[in-house]
file coords-v1.csv (CSV, C-alpha atoms and all ligand atoms)
chain,number,residue,atom,x,y,z
A,1,MET,CA,-21.7,-10.8,-4.8
A,2,SER,CA,-20.6,-7.3,-5.4
A,3,ALA,CA,-17.3,-6.6,-7.3
A,4,PRO,CA,-14.3,-6.4,-5.1
A,5,THR,CA,-13.1,-2.9,-4.0
A,6,ARG,CA,-10.5,-1.6,-6.4
A,7,PHE,CA,-7.6,-0.6,-4.2
A,8,ALA,CA,-4.2,0.8,-4.8
A,9,LEU,CA,-1.1,0.6,-2.6
A,10,LEU,CA,1.2,3.5,-2.5
A,11,GLY,CA,4.1,4.7,-0.3
A,12,PRO,CA,7.8,5.0,-0.3
A,13,VAL,CA,10.4,2.4,-1.5
A,14,GLU,CA,10.7,-0.5,1.0
A,15,ALA,CA,7.6,0.4,2.9
A,16,GLY,CA,6.3,-3.2,2.4
A,17,LYS,CA,3.7,-2.5,-0.3
A,18,SER,CA,4.5,-5.4,-2.6
A,19,THR,CA,4.8,-7.9,0.3
A,20,LEU,CA,1.4,-6.6,1.5
A,21,PHE,CA,-0.1,-6.9,-2.0
A,22,HIS,CA,0.8,-10.5,-2.2
A,23,ALA,CA,-0.3,-11.2,1.4
A,24,LEU,CA,-3.7,-9.6,0.7
A,25,ARG,CA,-4.0,-11.8,-2.4
A,26,GLY,CA,-2.8,-14.9,-0.5
A,27,ASP,CA,-1.0,-16.0,-3.6
A,28,GLY,CA,2.2,-17.1,-1.8
A,29,CYS,CA,4.4,-15.0,-3.9
A,30,GLN,CA,7.5,-13.2,-2.6
A,31,ALA,CA,7.8,-9.5,-3.4
A,32,ARG,CA,10.5,-8.6,-5.8
A,33,LYS,CA,11.7,-5.1,-6.6
A,34,THR,CA,8.7,-3.4,-8.1
A,35,GLN,CA,9.7,-1.9,-11.5
A,36,ALA,CA,6.3,-1.4,-12.9
A,37,VAL,CA,2.7,-1.0,-11.8
A,38,GLU,CA,1.4,-4.5,-11.0
A,39,TYR,CA,-2.2,-5.3,-11.6
A,40,ASP,CA,-4.2,-8.2,-10.3
A,41,GLY,CA,-6.6,-8.3,-13.3
A,42,GLU,CA,-9.5,-6.9,-11.2
A,43,GLY,CA,-8.4,-3.3,-10.9
A,44,CYS,CA,-6.3,-3.6,-7.8
A,45,LEU,CA,-2.7,-2.4,-8.1
A,46,ASP,CA,0.7,-2.1,-6.5
A,47,THR,CA,2.9,0.9,-7.4
A,48,PRO,CA,6.6,1.3,-7.4
A,49,GLY,CA,7.9,3.4,-4.6
A,50,GLU,CA,9.8,5.6,-7.1
A,51,PHE,CA,6.4,7.1,-8.0
A,52,PHE,CA,6.4,8.5,-4.5
A,53,SER,CA,9.9,9.7,-4.2
A,54,HIS,CA,10.4,11.6,-7.4
A,55,PRO,CA,8.3,14.8,-8.1
A,56,ARG,CA,8.5,14.2,-11.8
A,57,LEU,CA,6.7,10.9,-11.4
A,58,TYR,CA,3.8,12.3,-9.3
A,59,HIS,CA,1.6,12.8,-12.4
A,60,ALA,CA,2.1,9.2,-13.3
A,61,LEU,CA,1.1,8.1,-9.8
A,62,ILE,CA,-2.0,10.3,-9.8
A,63,ASN,CA,-3.1,9.0,-13.2
A,64,THR,CA,-2.5,5.4,-12.1
A,65,ILE,CA,-4.6,5.6,-9.0
A,66,ALA,CA,-7.3,7.8,-10.4
A,67,GLU,CA,-9.7,4.8,-10.9
A,68,SER,CA,-9.0,3.3,-7.5
A,69,GLU,CA,-11.8,3.3,-4.9
A,70,LEU,CA,-9.5,2.7,-1.9
A,71,LEU,CA,-6.1,4.3,-1.6
A,72,ILE,CA,-3.9,2.4,0.9
A,73,TYR,CA,-0.9,4.5,2.0
A,74,VAL,CA,1.8,2.1,3.5
A,75,HIS,CA,4.2,3.5,6.1
A,76,PRO,CA,6.7,1.3,7.9
A,77,ALA,CA,6.5,1.1,11.7
A,78,ASN,CA,10.2,1.7,12.1
A,79,ASP,CA,10.3,4.9,10.0
A,80,LEU,CA,9.6,8.3,11.6
A,81,GLN,CA,10.0,10.4,8.4
A,82,TRP,CA,7.1,11.8,6.5
A,83,ARG,CA,7.6,11.7,2.7
A,84,MET,CA,4.1,12.2,1.4
A,85,PRO,CA,4.0,14.5,-1.6
A,86,PRO,CA,1.8,17.5,-0.6
A,87,GLY,CA,-1.7,17.2,-1.9
A,88,LEU,CA,-1.2,13.6,-3.2
A,89,LEU,CA,-4.1,12.1,-1.2
A,90,GLU,CA,-6.5,15.0,-1.8
A,91,VAL,CA,-6.9,14.4,-5.6
A,92,ASN,CA,-10.2,12.7,-5.5
A,93,ALA,CA,-12.9,13.2,-2.9
A,94,ARG,CA,-14.7,10.0,-3.7
A,95,GLN,CA,-11.8,7.8,-2.8
A,96,ARG,CA,-11.5,6.3,0.6
A,97,VAL,CA,-8.0,6.9,1.9
A,98,VAL,CA,-6.5,4.7,4.7
A,99,ALA,CA,-3.0,4.3,6.1
A,100,VAL,CA,-1.5,1.0,7.0
A,101,ILE,CA,1.5,1.0,9.4
A,102,SER,CA,3.5,-2.0,8.1
A,103,LYS,CA,6.2,-4.2,9.6
A,104,ILE,CA,4.8,-4.0,13.2
A,105,ASP,CA,6.7,-7.2,13.9
A,106,LEU,CA,10.1,-5.6,13.7
A,107,PRO,CA,12.1,-5.1,16.9
A,108,ASP,CA,12.4,-1.4,16.3
A,109,ALA,CA,8.7,-0.9,15.3
A,110,GLN,CA,7.2,2.2,16.9
A,111,ALA,CA,3.6,2.0,15.6
A,112,ASP,CA,2.2,4.5,18.2
A,113,ALA,CA,4.9,7.1,17.3
A,114,VAL,CA,4.2,6.5,13.6
A,115,GLU,CA,0.5,6.9,14.1
A,116,ALA,CA,1.2,10.2,16.0
A,117,LEU,CA,3.4,11.4,13.1
A,118,LEU,CA,0.6,10.7,10.6
A,119,ARG,CA,-1.9,12.6,12.7
A,120,GLU,CA,0.5,15.4,13.2
A,121,GLN,CA,0.9,15.6,9.4
A,122,GLY,CA,-2.8,15.8,9.1
A,123,PHE,CA,-3.5,12.3,7.7
A,124,PRO,CA,-7.3,12.3,7.8
A,125,GLY,CA,-8.3,8.6,7.3
A,126,ASP,CA,-8.3,5.4,9.3
A,127,ILE,CA,-4.9,4.2,10.4
A,128,LEU,CA,-4.5,0.4,10.6
A,129,ARG,CA,-1.6,-1.8,11.4
A,130,VAL,CA,-0.1,-5.0,9.9
A,131,SER,CA,2.7,-7.5,9.9
A,132,SER,CA,2.5,-8.9,6.4
A,133,LEU,CA,4.5,-11.9,7.6
A,134,ARG,CA,1.6,-13.0,10.0
A,135,PRO,CA,-1.5,-14.5,8.4
A,136,ASP,CA,-3.7,-13.5,11.4
A,137,SER,CA,-2.5,-9.9,11.2
A,138,VAL,CA,-3.2,-9.9,7.4
A,139,ALA,CA,-6.7,-11.4,8.0
A,140,ALA,CA,-7.5,-8.7,10.6
A,141,LEU,CA,-6.3,-6.0,8.2
A,142,LYS,CA,-8.4,-7.4,5.4
A,143,ALA,CA,-11.5,-7.3,7.6
A,144,GLY,CA,-10.7,-3.7,8.7
A,145,LEU,CA,-10.3,-2.7,5.0
A,146,GLY,CA,-13.5,-4.4,4.0
A,147,LEU,CA,-11.5,-6.7,1.7
A,148,SER,CA,-12.2,-10.0,3.5
A,149,ASN,CA,-13.4,-11.6,0.2
A,150,TYR,CA,-10.4,-10.5,-1.7
A,151,ALA,CA,-8.1,-13.3,-2.8
A,152,VAL,CA,-6.1,-14.3,-5.8
A,153,SER,CA,-8.3,-15.2,-8.8
A,154,ALA,CA,-6.6,-13.7,-11.8
A,155,ALA,CA,-3.0,-14.0,-12.7
A,156,ALA,CA,-1.0,-10.9,-11.9
A,157,HIS,CA,0.4,-9.1,-14.8
A,158,SER,CA,2.4,-6.0,-15.3
A,159,THR,CA,1.2,-4.0,-18.3
A,160,GLU,CA,2.7,-0.6,-17.8
A,161,GLN,CA,6.3,0.4,-17.5
A,162,VAL,CA,7.3,3.3,-15.3
A,163,GLU,CA,8.0,6.2,-17.5
A,164,ARG,CA,11.5,7.6,-16.9
B,1,LIG,N1,9.7,-7.8,9.2
B,1,LIG,C1,8.9,-7.5,8.2
B,1,LIG,N2,9.5,-7.2,7.0
B,1,LIG,C2,8.6,-6.9,6.0
B,1,LIG,C3,7.2,-6.8,6.1
B,1,LIG,N3,6.7,-6.4,5.0
B,1,LIG,C4,7.7,-6.3,4.1
B,1,LIG,N4,8.9,-6.6,4.7
B,1,LIG,C5,10.3,-6.5,4.1
B,1,LIG,O1,10.6,-5.2,3.7
B,1,LIG,C6,11.3,-5.2,2.5
B,1,LIG,C7,10.6,-4.3,1.5
B,1,LIG,O2,9.4,-4.9,1.2
B,1,LIG,P1,8.6,-4.6,-0.2
B,1,LIG,O3,7.3,-5.3,-0.1
B,1,LIG,O4,9.4,-5.0,-1.4
B,1,LIG,O5,8.4,-3.1,-0.2
B,1,LIG,P2,7.9,-2.0,-1.3
B,1,LIG,O6,9.2,-1.4,-1.9
B,1,LIG,O7,7.1,-1.0,-0.5
B,1,LIG,O8,7.1,-2.8,-2.3
B,1,LIG,C8,11.5,-6.6,2.1
B,1,LIG,O9,12.7,-7.1,2.5
B,1,LIG,C9,10.3,-7.3,2.8
B,1,LIG,O10,10.6,-8.7,3.1
B,1,LIG,C10,6.7,-7.1,7.4
B,1,LIG,O11,5.4,-7.0,7.7
B,1,LIG,N5,7.5,-7.4,8.4
B,2,MG,MG,7.3,-2.9,-4.3

call {"tool": "encode", "arguments": {"input": "coords-v1.csv", "output": "structure tokens"}}
result
Amino acid sequence: MSAPTRFALLGPVEAGKSTLFHALRGDGCQARKTQAVEYDGEGCLDTPGEFFSHPRLYHALINTIAESELLIYVHPANDLQWRMPPGLLEVNARQRVVAVISKIDLPDAQADAVEALLREQGFPGDILRVSSLRPDSVAALKAGLGLSNYAVSAAAHSTEQVER
């Protein structure tokens, strides 16, 4: 069997990255506030939203995701603001970049409007949708990302602190 795709989750604070990270792993863990880059032991990682929000942390984010094969930009279905740092997703032409519209189960979810926003802003890759609270939705997303075989196998461990 081939090695699992090394993916990285990125996006603003509260986008649902960590909840999705655990849902993809199927490890039954609840997301807590992400203070550090979290690794799964196989090269997949979850990043703190602060990386995304503070220009002085962009270089840390870019270095962190440099080895990832698949960049997953997470954008909540109830958020019509675009916060993507310019150029962030154009750093490495070999990386596949996809967007995941998260939290589509929320009553105020506007997934179509969010998808239109992403396209308006020039997001080039596939745009998928998920509710991380629904196992069937997570399974469909995993299939869409080519991560169906991905599951928890190594203990998650945080090894890098966010530089402040
Ligand atoms: N309704 C709903 N809430 C979600 C979903 N994913 C995450 N959340 C909630 O959104 C909040 C932020 O989630 P978290 O994963 O910590 O976001 P992060 O900052 O991007 O890592 C938490 O209260 C989660 O429980 C989802 O698919 N549906
Ligand atoms: Mg988090």

call {"tool": "closest_residue", "arguments": {"input": "coords-v1.csv", "among": "A:Ala111, A:Val130, A:Leu118, A:Leu10", "to": "Ile65 in chain A", "atoms": "all atoms listed in the file"}}
result
A:Leu10

call {"tool": "closest_residue", "arguments": {"input": "coords-v1.csv", "among": "A:His59, A:Lys103, A:His54, A:Arg96", "to": "Ala8 in chain A", "atoms": "all atoms listed in the file"}}
result
A:Arg96

call {"tool": "residues_near_ligand", "arguments": {"input": "coords-v1.csv", "ligand": "ligand MG 2 (chain B)", "cutoff": "10 Å", "atoms": "all atoms listed in the file", "output": "VMD selection string"}}
result
chain A and resid 9 to 21 31 to 38 46 to 50

call {"tool": "atom_distance", "arguments": {"input": "coords-v1.csv", "atom1": "CA of Arg134 in chain A", "atom2": "CA of Asp79 in chain A"}}
result
19.9 Å

call {"tool": "residues_around", "arguments": {"input": "coords-v1.csv", "residues": "Cys44 in chain A", "least_positions_apart": "2", "cutoff": "6 Å", "atoms": "all atoms listed in the file", "output": "PyMOL selection string"}}
result
chain A and resi 6-8+39-40+42

call {"tool": "atom_distance", "arguments": {"input": "coords-v1.csv", "atom1": "CA of Ala93 in chain A", "atom2": "CA of Pro4 in chain A"}}
result
19.8 Å
